[in-house]
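> This is the structure, below, for whatever I ask next.
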Amino acid sequence: MRTSKGKYFLFITLIPLLSGCLGIKHLKDNEKLLYQQRIDAPREIDRDELGNFYAQESNRKMLGLPIAPLVGIYYLGYRSYDQEKMIKRKEKAEKKFDAKIAAATKPRKINNLQFRKQQKLEKFDKKIDEGNTVMQWGEPVAVFDSSLVSITEGRFRGYLFSKGYFVNKVHARIDTSRILRKRVKVLYIVQPGAAYHLDSIFYQISDTAILRTVIENERASFLKKGERYDEDNLTRERERLDILLKDNGYYDFSRQYVEFKMDTAYESPNRRIAIMVQIHEPAKREAHKRFTIDEVNFTTDASTSRFRRERRERSYRDIHFRYYEDNYNLKILSQRVFLKPGDQYSRALTLNTQRQLANIDAFKFVNINYDTTGGRFVANIFTSPLARYEWSNEAGVNVTQGYPGPFYNISFKKRNVFKGMETFDLNGRFGFEGVASATSDQNFYKSTEAGVNASFTFPQFIWPFRDRTRFRHAAYNPKTKFTAGYAYTDRPEYRRTAVSVVGSYTWQNNKGRSYQLTPVNLSVIDTANLSGEFKDLLLEQAEQGNFSLINSFRPSFVNSIIFGVTWNYKNYGNTERSSGFIRAQVESGGTIWNFLDPKIVTQYDLNYFKYFRFSLDMRRINVLHKNTTVAYRFNSGLAYSYGDGRSLPYEKFFFAGGSNSIRAWRPRRLGPGSFKPRTTEEIDIRGDVNGNPRNDGLFDYSIEQPAEILLEASLEVRQKLFGFVSGAVFIDAGNTWTFQRRFKTVYTLIPPEQQIEGGPKTIATVVNDGTEGNSQFKADQFYKEIAVGTGFGLRFDFTFLILRLDVGMKVWDPAREEGDKFVFDKVRFFKPYATKTADGWTNYREPVIYNVGIGYPF
């Protein structure tokens, strides 16, 4: 009894605090807050979709807690808002622009002033209607309106009816109990009743040609016998029939000709519906006309005019080209036109022609219309050429491994180089980037990066195909690209240069799926000026069985063949509807050395590699609400070297950790497996390098951890907070592994009384008995070595870029000892991360990891 009173007292104490967080203080005496709305409905009813029909929304709360920060933000701006003053400012600005427009004499200046006036007045109108900028970021307190409850009930009933629940009941239960004080809870109880299903589908189409077309494509219908009635399917079926007939020659067909009639008996025990699909005839004709293309005209320079000159005309493959200057190879250009005289009109081929012409980066716009005058059906294609020469400059800040650095890009483009819509690009880049030190945990250094790339892009496959094959392939937006480049990187640890030559083919079979084949991918990599500390690091890694690092920094010749597939489902990343993205890539490196003698490169002291590499990246975004999305990612990879050196090029390894990976670990420092990094106490014992457990925690993450196997997954909930600011909470899990087991060198301090003057102070012991963790992938063990991190962050959407700040916290660290792997309770935001005692360092804490990034993590 005493406990119950204590809880009741605590609840009463919290009410004033929660009331302030919810904005109750902004209510008037006779007003109440719409605190919560819920829907009680059977499992088959989509409650999230029903929630879109609320006539009144409650205030958005932070992470489901009884806190509505947007209300506080709204009234923060409301205190300084004066609507009358804003109206007067608008009138003053309007008069000022009117005076300038009246005084202007040049049409160009008048148009500019009118455009600026419209923009200015629109901003004032928005502030008059919605308040100042701070008020627009927030939202006013949701004052409960009982009349809107009835409207919501009606909307729910209409929604259920549209989904086949014709006999439904919806009623609201309003909770205004005293303990809620000025808050109101509304529970909508939904009783949908039994659903009606489609029993029979008939067609009433007098035009036999249309009837035959509809019957032949009936399998694609959205109306299926036995399925539940859904009004949305009627809309989809009407659109499908409209597109179907337009793809079969019926140019002037409209969805208004399609009508559905339903026969249903409400008292019928089996609740079945019969649907009659009707396609009406046009009002002034006995039948719908099927159009056949009589002529195709293509004007290549529609926006260009020449004084007292007429366009020249030339026909190629039954297409009449018109132009002032003969700038294009008509053979190449005609490959992207899928409209031919004698063919029936097709909406799909028309759109595909427009899309493929736009894809070749030669025209500002592509318009296609049809002329039906004179009893003929003529297709007219109008394009306007882009500038042949183009310069662009770009300066900004790049974020690598969480550290920002400025960069400058300059690019030159020449279009239509050989009059076949080829494009020549020349790009140069110079920048400074902040990168984590390869030999220190906390330090980061300036990395100077520069590069130049030259490329030719051809709008076709450069291959000895026949003309018929080239025209057939043109529907897939084929491109061939040849690139030569030089890259330079200067870091305190080393200087690295790379010369590369790449030849690739790309194509698409639809808007969402694309392919890339790179049969030629050659690079010559040289690393020089290795610092002494970095050399020691490479040697130490080799001593511990990690020969990959030291081999990767030798002068090398890398060649490979790459094939990749990308699926982009519903424009991945949009905020309007759920979308997905999948990228799979297979790479075979050094394949040529299975047929040729590698002495070709080894005689120049170049290392070579033979390997196989596969990666799979899957992402999905589910839009739960206009302000809330859930994003998922699964990323995996496998790389296997079968060459003599059993090594991979450094760029082909997999890494985990960082702002786009497992965010609770530093960039590229997680793993492999449960392998234990050196501890900061071990480094402190050695004395030849700096170790600071107080500042760094238990483990030393100064060394990147390359591996051959990668598995990682992430889940992130994103919610708009106010204005351009959004918040996120996330969970990341994953790790990397190696094929070969690594061993570790452990350093033990020699007791002072046993030390020899001028001699070593530590004893190095090679450990390979499993006590220092496992790096090797094992089917019966890998799932126990999955690292888990969580955290929260902010996203600042500045339209032109998204700045991201994330705080990552370790939850499960596989490198820890058994029984101590759960470390979430050891997370600490600030130093110190360890305590010094007479017996050594104790009470280790886990530092949080701060990540900075551009764009979303996935």
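FYI, nothing fancy with the structure tokens labels: chains A, B, ... in order, residues from 1 per chain, ligands from 1 as they appear.
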Find the spatial neighbours of segment 707-716 of chain A, counting only C-alpha atoms, within a cut-off of 7 Å - ignore same-chain residues fewer than 2 positions away - and output them as a PyMOL selection string.

chain A and resi 630-640+653-655+672+705+718+728-739

> Keeping only C-alpha atoms, write the selected residues to a file as an mmCIF file, in the first residue's frame.


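Once written, result_22.cif looks like this:
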```
data_model
loop_
_atom_site.group_PDB
_atom_site.id
_atom_site.type_symbol
_atom_site.label_atom_id
_atom_site.label_comp_id
_atom_site.auth_asym_id
_atom_site.auth_seq_id
_atom_site.Cartn_x
_atom_site.Cartn_y
_atom_site.Cartn_z
ATOM 1 C CA VAL A 630 13.431 3.726 -41.034
ATOM 2 C CA ALA A 631 16.585 2.847 -43.005
ATOM 3 C CA TYR A 632 18.226 -0.586 -43.194
ATOM 4 C CA ARG A 633 21.515 -1.740 -44.633
ATOM 5 C CA PHE A 634 23.324 -5.046 -45.099
ATOM 6 C CA ASN A 635 26.839 -4.893 -46.483
ATOM 7 C CA SER A 636 29.103 -7.859 -47.138
ATOM 8 C CA GLY A 637 32.252 -8.761 -48.981
ATOM 9 C CA LEU A 638 34.758 -11.515 -49.619
ATOM 10 C CA ALA A 639 38.251 -11.265 -51.107
ATOM 11 C CA TYR A 640 40.522 -14.252 -51.665
ATOM 12 C CA PHE A 653 40.810 -5.191 -48.548
ATOM 13 C CA PHE A 654 37.666 -4.745 -46.491
ATOM 14 C CA PHE A 655 37.526 -2.536 -43.409
ATOM 15 C CA PRO A 672 39.304 -8.834 -37.409
ATOM 16 C CA GLN A 705 42.767 -3.617 -39.667
ATOM 17 C CA ARG A 718 15.290 9.152 -38.762
ATOM 18 C CA ALA A 728 18.409 9.761 -35.689
ATOM 19 C CA VAL A 729 18.995 6.773 -33.447
ATOM 20 C CA PHE A 730 20.841 3.762 -34.817
ATOM 21 C CA ILE A 731 22.178 0.276 -34.168
ATOM 22 C CA ASP A 732 25.179 -1.047 -36.116
ATOM 23 C CA ALA A 733 26.483 -4.607 -36.025
ATOM 24 C CA GLY A 734 29.235 -6.413 -37.898
ATOM 25 C CA ASN A 735 32.906 -7.314 -38.131
ATOM 26 C CA THR A 736 35.667 -8.431 -40.481
ATOM 27 C CA TRP A 737 37.641 -11.682 -40.604
ATOM 28 C CA THR A 738 40.703 -13.173 -42.278
ATOM 29 C CA PHE A 739 41.293 -16.533 -43.936
#
```

> List the neighbours of Val565 of chain A out to 6 Å using only C-alpha atoms; skip same-chain residues closer than 5 positions along the sequence, and give me the result as a list of chain:residue names.

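So, after excluding close chain neighbours, the residues are A:Ser514, A:Tyr515, A:Arg583, A:Ala584.
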
> Using C-alpha atoms, can you write the selected residues to a file as a PDB file, in the first residue's frame?


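Written output follows (selection33.pdb):
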```
ATOM      1  CA  SER A 514      22.075  -0.900 -64.652  1.00  0.00           C
ATOM      2  CA  TYR A 515      25.173  -2.960 -65.442  1.00  0.00           C
ATOM      3  CA  ARG A 583      24.696  -3.219 -55.667  1.00  0.00           C
ATOM      4  CA  ALA A 584      26.574  -6.454 -56.366  1.00  0.00           C
TER       5      ALA A 584
END
```

> Choose the residue, out of A:Ile592, A:Arg317, A:Arg415, A:Asp696, that has the smallest atom-to-atom separation from Asp467 of chain A; count only C-alpha atoms.

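Closest residue, counting only C-alpha atoms: A:Arg317.
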
> State, in Å with one decimal place, the distance from atom CA of Pro107 of chain A to atom CA of Arg306 of chain A.

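Distance reported for this atom pair: 23.7 Å.
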
> Could you check the closest approach to Lys185 of chain A for each of A:Val788, A:Val623, A:Val167, A:Ala172 and tell me which residue wins, using only C-alpha atoms?

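Looking at the shortest contact to Lys185 of chain A, the residue is A:Ala172.
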
> Can you tell me how far atom CA of Arg742 of chain A sits from atom CA of Leu648 of chain A, in Å to one decimal?

16.0 Å

> Write out as JSON, numbers by chain all residues of segment 696-799 of chain A that backbone DSSP assigns to strand (DSSP E or B).

{"A": [699, 707, 709, 710, 711, 712, 713, 714, 715, 716, 717, 718, 719, 720, 721, 722, 725, 726, 727, 728, 729, 730, 731, 732, 733, 734, 735, 736, 737, 738, 744, 745, 746, 747, 748, 749, 762, 763, 764, 765, 766, 767, 776, 787, 788, 789, 790, 791, 792, 793, 794, 795, 796, 797]}

> As a VMD selection string, please: the residues near Thr176 of chain A (cut-off 12 Å, only C-alpha atoms, same-chain neighbours under 4 positions excluded).

chain A and resid 31 to 36 144 146 180 to 187

> Report as a list in words all protein, DNA and RNA residues lying within 9 Å of Asp263 of chain A, evaluated on only C-alpha atoms, omitting residues in the same chain fewer than 5 positions from it.

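Surrounding residues, per the criterion: Arg272, Ile273, Ala274, Ile275 and Met276 of chain A.
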
> Which residues are close to segment 840-847 of chain A, i.e. within 9 Å by only C-alpha atoms, leaving aside same-chain residues fewer than 4 positions away? Reply as an MDAnalysis selection string.

chainID A and resid 681 693:698 809:810 823:836

> Within segment 218-316 of chain A, find each residue whose DSSP state, derived from the backbone, is helix (DSSP H, G or I), and express the selection as an MDAnalysis selection string.

chainID A and resid 218:220 231:246 255:257

> Would you list the contacts of Tyr188 of chain A as a ChimeraX atom specification, taking every protein, DNA or RNA residue within 12 Å and counting only C-alpha atoms, but skipping same-chain residues closer than 3 positions in sequence?

/A:36-41,47,50-51,53-54,149-150,152-157,169-175,185,191

> Here is a test: counting only C-alpha atoms, which residue of A:Tyr486, A:Tyr476, A:Tyr389, A:Trp567 is nearest to Gln585 of chain A?

A:Trp567

> Tell me, in Å to one decimal, how far atom CA of Ser615 of chain A is from atom CA of Tyr856 of chain A.

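These atoms are spaced 20.4 Å apart.
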
> Applying 6 Å and only C-alpha atoms, which residues near Phe407 of chain A remain after dropping the ones on its own chain fewer than 5 positions away? List them as JSON, numbers by chain.

{"A": [395, 396, 397, 430, 431]}

> A:Phe377, A:Lys109, A:Ile279, A:Asn453: which is nearest Phe412 of chain A, counting only C-alpha atoms?

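Closest to Phe412 of chain A, using only C-alpha atoms: A:Asn453.
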
> Measuring atom to atom with only C-alpha atoms, identify which of A:Phe418, A:Thr457, A:Asn477, A:Ala664 is nearest to Leu357 of chain A.

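Under the stated criterion, the closest residue is A:Asn477.
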